$ cat work.cif   # mmCIF, C-alpha atoms
data_run
#
loop_
_atom_site.label_atom_id
_atom_site.label_comp_id
_atom_site.auth_asym_id
_atom_site.auth_seq_id
_atom_site.Cartn_x
_atom_site.Cartn_y
_atom_site.Cartn_z
CA MET A 28 0.00 0.00 0.00
CA THR A 29 2.88 2.38 0.76
CA LEU A 30 4.29 1.94 -2.74
CA LYS A 31 0.88 2.65 -4.24
CA ARG A 32 0.61 5.81 -2.14
CA VAL A 33 4.03 7.00 -3.35
CA GLN A 34 3.01 6.28 -6.94
CA GLN A 35 -0.25 8.18 -6.41
CA LEU A 36 1.53 11.22 -4.94
CA TYR A 37 4.00 11.19 -7.81
CA LEU A 38 1.25 11.17 -10.43
CA GLU A 39 -0.70 13.88 -8.63
CA LEU A 40 2.38 16.10 -8.77
CA ASN A 41 3.75 15.23 -12.21
CA GLY A 42 0.65 14.27 -14.14
CA SER A 43 0.09 11.10 -16.12
CA HIS A 44 2.50 11.17 -19.05
CA PRO A 45 3.43 7.79 -20.55
CA MET A 46 7.10 6.88 -20.38
CA SER A 47 8.48 5.76 -23.75
CA ALA A 48 11.11 3.05 -24.14
CA GLU A 49 13.66 5.83 -24.68
CA ASP A 50 12.53 7.54 -21.46
CA ASP A 51 12.85 4.29 -19.53
CA ALA A 52 16.33 3.71 -20.94
CA TYR A 53 17.43 7.23 -19.99
CA VAL A 54 16.14 6.87 -16.43
CA ARG A 55 17.70 3.42 -15.96
CA ARG A 56 21.01 4.85 -17.17
CA HIS A 57 21.09 7.80 -14.75
CA PHE A 58 18.83 6.85 -11.81
CA VAL A 59 18.36 3.83 -9.54
CA PRO A 60 15.47 2.07 -7.78
CA VAL A 61 14.73 3.18 -4.22
CA PRO A 62 17.66 1.87 -2.13
CA ASP A 63 17.34 -0.99 0.34
CA THR A 64 20.14 -0.82 2.90
CA SER A 65 20.66 -2.14 6.41
CA ASP A 66 20.39 1.34 7.92
CA TYR A 67 17.58 2.52 5.63
CA PRO A 68 15.33 -0.36 4.43
CA ARG A 69 13.37 0.32 1.25
CA ASP A 70 9.98 0.00 2.98
CA GLN A 71 10.99 2.62 5.53
CA LEU A 72 12.12 5.01 2.80
CA LEU A 73 8.84 4.52 0.92
CA THR A 74 6.92 5.25 4.13
CA TRP A 75 8.85 8.48 4.64
CA MET A 76 8.20 9.41 1.01
CA ALA A 77 4.48 8.78 1.47
CA GLN A 78 4.54 10.97 4.58
CA ARG A 79 6.34 13.72 2.58
CA GLU A 80 9.36 13.57 4.86
CA LEU A 81 11.73 12.47 2.08
CA PRO A 82 11.71 13.45 -1.61
CA LEU A 83 9.27 11.66 -3.87
CA PRO A 84 10.81 9.61 -6.70
CA SER A 85 12.35 11.54 -9.58
CA TYR A 86 10.65 9.22 -12.08
CA LEU A 87 8.28 6.28 -12.30
CA LEU A 88 9.29 3.81 -14.99
CA SER A 89 6.57 2.57 -17.32
CA ASP A 90 6.17 -0.47 -15.06
CA GLY A 91 5.65 1.79 -12.02
CA THR A 92 9.10 1.32 -10.48
CA PRO A 93 10.07 4.46 -8.50
CA MET A 94 13.52 5.75 -9.42
CA VAL A 95 15.75 8.15 -7.48
CA HIS A 96 19.18 9.75 -7.80
CA PRO A 97 22.07 7.34 -7.10
CA ASP A 98 23.06 9.44 -4.06
CA TYR A 99 19.48 9.78 -2.78
CA LEU A 100 20.53 8.86 0.77
CA GLU A 101 23.49 11.24 0.92
CA PRO A 102 21.57 14.27 2.34
CA LEU A 103 19.93 12.05 4.96
CA ARG A 104 23.28 10.65 6.00
CA ARG A 105 24.90 14.08 6.07
CA ALA A 106 22.06 15.42 8.21
CA GLY A 107 22.45 12.52 10.64
CA SER A 108 18.77 11.60 10.97
CA LEU A 109 15.39 12.17 9.39
CA GLY A 110 14.47 14.51 12.21
CA ASP A 111 17.48 16.71 11.48
CA LEU A 112 17.15 16.68 7.69
CA GLU A 113 15.03 19.81 7.21
CA ALA A 114 17.12 21.93 9.58
CA TRP A 115 20.30 20.71 7.91
CA PHE A 116 18.89 21.50 4.47
CA VAL A 117 17.55 25.01 5.15
CA GLY A 118 20.64 25.82 7.20
CA HIS A 119 22.59 26.16 3.95
CA TRP A 120 20.82 29.47 3.28
CA ALA A 121 21.49 32.68 5.17
CA GLU A 122 18.99 33.83 7.78
CA VAL A 123 17.62 36.51 5.46
CA GLU A 124 16.99 33.83 2.80
CA GLN A 125 14.99 31.43 4.95
CA ASP A 126 11.84 32.01 2.91
CA VAL A 127 13.79 30.85 -0.15
CA ALA A 128 15.17 27.90 1.82
CA GLU A 129 11.71 26.79 2.95
CA GLU A 130 10.38 27.09 -0.59
CA GLU A 131 13.27 24.97 -1.87
CA TRP A 132 12.63 22.39 0.84
CA THR A 133 8.87 22.11 0.40
CA HIS A 134 8.35 22.63 -3.31
CA GLY A 135 11.78 21.78 -4.68
CA TYR A 136 13.60 19.11 -2.72
CA LEU A 137 10.64 17.12 -1.37
CA SER A 138 8.95 17.07 -4.79
CA GLY A 139 11.70 14.87 -6.20
CA GLN A 140 11.61 17.06 -9.30
CA TYR A 141 15.21 18.22 -9.11
CA VAL A 142 16.04 16.04 -12.10
CA CYS A 143 17.92 19.08 -13.42
CA LEU A 144 20.85 18.18 -11.14
CA TRP A 145 23.21 15.22 -11.17
CA SER A 146 23.27 15.39 -7.38
CA VAL A 147 20.53 17.05 -5.31
CA THR A 148 22.25 18.86 -2.46
CA PRO A 149 21.67 22.35 -1.06
CA GLU A 150 25.06 23.36 -2.45
CA ASN A 151 24.13 22.27 -5.98
CA ILE A 152 20.66 23.81 -5.78
CA LYS A 153 22.25 27.14 -4.86
CA ALA A 154 24.95 26.74 -7.50
CA LYS A 155 22.31 26.20 -10.19
CA THR A 156 20.41 29.32 -9.12
CA GLU A 157 23.63 31.36 -9.08
CA ALA A 158 24.68 30.09 -12.52
CA ILE A 159 21.32 30.97 -14.08
CA GLU A 160 21.36 34.39 -12.44
CA ALA A 161 24.86 34.96 -13.81
CA ILE A 162 23.73 33.92 -17.30
CA GLN A 163 20.74 36.27 -17.14
CA ALA A 164 22.88 39.15 -15.91
CA GLU A 165 25.52 38.65 -18.60
CA ILE A 166 22.93 38.41 -21.38
CA GLU A 167 21.41 41.69 -20.20
CA ALA A 168 24.85 43.28 -19.99
CA LEU A 169 25.70 42.14 -23.52
CA GLN A 170 22.46 43.62 -24.80
CA GLN A 171 23.54 46.91 -23.25
CA GLY A 172 26.97 46.71 -24.85
CA ARG A 173 28.93 46.13 -21.66
CA GLY A 174 28.90 42.35 -21.20
CA SER A 175 31.49 39.66 -21.69
CA ARG A 176 31.03 36.61 -23.89
CA SER A 177 33.74 34.79 -21.97
CA ARG A 178 31.94 35.41 -18.66
CA LEU A 179 28.70 34.23 -20.25
CA ALA A 180 30.38 31.09 -21.57
CA ALA A 181 31.86 30.38 -18.13
CA ALA A 182 28.46 30.71 -16.44
CA VAL A 183 26.87 28.40 -19.02
CA ASP A 184 29.69 25.90 -18.51
CA ARG A 185 29.10 25.95 -14.72
CA LEU A 186 25.44 25.15 -15.26
CA ASP A 187 26.29 22.50 -17.85
CA ALA A 188 28.46 20.68 -15.31
CA LEU A 189 25.55 20.53 -12.85
CA GLU A 190 22.81 19.33 -15.21
CA PRO A 191 22.13 15.93 -16.83
CA PRO A 192 20.78 15.76 -20.40
CA PHE A 193 17.05 15.26 -19.50
CA THR A 194 14.59 13.16 -21.48
CA SER A 195 11.49 14.01 -23.53
CA TYR A 196 9.26 12.97 -20.63
CA ASP A 197 10.57 15.97 -18.69
CA GLU A 198 9.26 18.41 -21.29
CA ALA A 199 5.83 16.78 -21.02
CA ARG A 200 5.56 16.86 -17.25
CA PHE A 201 7.03 20.36 -16.87
CA GLY A 202 4.96 21.71 -19.74
CA GLY A 203 7.77 23.16 -21.79
CA PRO A 204 11.49 23.27 -22.45
CA THR A 205 13.92 22.18 -19.75
CA SER A 206 16.42 24.44 -18.06
CA ARG A 207 19.16 22.79 -20.13
CA GLN A 208 17.37 23.79 -23.32
CA VAL A 209 16.71 27.37 -22.16
CA TRP A 210 19.91 28.28 -20.33
CA ILE A 211 22.52 26.07 -21.98
CA GLU A 212 21.58 24.96 -25.49
CA ASP A 213 19.59 28.05 -26.54
CA VAL A 214 22.07 30.49 -25.01
CA ARG A 215 25.04 28.81 -26.68
CA ALA A 216 23.23 28.73 -30.03
CA ALA A 217 22.13 32.38 -29.82
CA HIS A 218 25.56 33.68 -28.93
CA ARG A 219 27.29 31.56 -31.56
CA ARG A 220 24.99 33.19 -34.09
CA ALA A 221 25.69 36.63 -32.67
CA ALA A 222 29.44 36.05 -32.84
CA THR A 223 29.15 34.83 -36.45
CA VAL A 224 27.15 37.90 -37.48
CA ARG A 225 29.80 40.17 -36.05
#

$ encode --input "work.cif" --output "structure tokens"
Amino acid sequence: MTLKRVQQLYLELNGSHPMSAEDDAYVRRHFVPVPDTSDYPRDQLLTWMAQRELPLPSYLLSDGTPMVHPDYLEPLRRAGSLGDLEAWFVGHWAEVEQDVAEEEWTHGYLSGQYVCLWSVTPENIKAKTEAIEAIQAEIEALQQGRGSRSRLAAAVDRLDALEPPFTSYDEARFGGPTSRQVWIEDVRAAHRRAATVR
């Protein structure tokens, strides 16, 4: 019953979008089934997922298997216990940013939807935000004639290192292009064209 509840919560959040064979292959290549270890048995992890105390799966395969990041347990282990996990997570943001931290915890981390990162840690979540902000700022500066293409390229490269390639299923569930498409592929293409024109 716990597995069914996790599957239900996942579908409520992500919608019902069929996984193709290519989607399944992508997920199997980059993600793993919910772990089953001596310190954290699979049934216990599924229970905590169902209670919204741990992130929901990142994907459900076409056969319903919940899949998570390979280092899914790393934040829990770094925090020391389930009871300390939230405080450990939000503690990575400054006091004046606690509203951002709580939003990231509730609607980002616990959703399981951080499939835009190879590894879902507070450090990487912040690094992604900072990289996108740097890209946006440099694009605006370039439009005003005072930007740097090398700084833009460096910011895009930082984001590129954080993000996996995604799969077509992600476009369906998120209702549009992925962050890789918007902030890496499209930005590189646009600024290659701009450099060629000049």

$ closest_atom_pairs --input "work.cif" --of "region 99-167 of chain A" --to "region 47-70 of chain A" --cutoff "9 Å" --atoms "only C-alpha atoms" --output "Markdown table"
| residue | atom | partner | partner_atom | distance |
| --- | --- | --- | --- | --- |
| A:Tyr99 | CA | A:Pro62 | CA | 8.1 |
| A:Leu100 | CA | A:Pro62 | CA | 8.1 |
| A:Trp145 | CA | A:His57 | CA | 8.5 |

$ write_last_selection --input "work.cif" --atoms "C-alpha atoms" --output "CSV table (one decimal), keeping the file's coordinate frame"
chain,number,residue,atom,x,y,z
A,99,TYR,CA,19.5,9.8,-2.8
A,100,LEU,CA,20.5,8.9,0.8
A,145,TRP,CA,23.2,15.2,-11.2

$ resolve_selection --input "work.cif" --expression "the PyMOL selection byres ((chain A and resi 188) around 12)" --output "PyMOL selection string"
chain A and resi 143-146+151+154-155+158+181-187+189-192+207+211

$ closest_residue --input "work.cif" --among "A:Gly135, A:Pro204, A:Gly107, A:Gly91" --to "Ser43 (chain A)" --atoms "only C-alpha atoms"
A:Gly91

$ residues_around --input "work.cif" --residues "Ile162 (chain A)" --least-positions-apart "5" --cutoff "9 Å" --atoms "only C-alpha atoms" --output "ChimeraX atom specification"
/A:157,167,178-183,210,214

$ atom_distance --input "work.cif" --atom1 "CA of Glu150 (chain A)" --atom2 "CA of His96 (chain A)"
15.8 Å
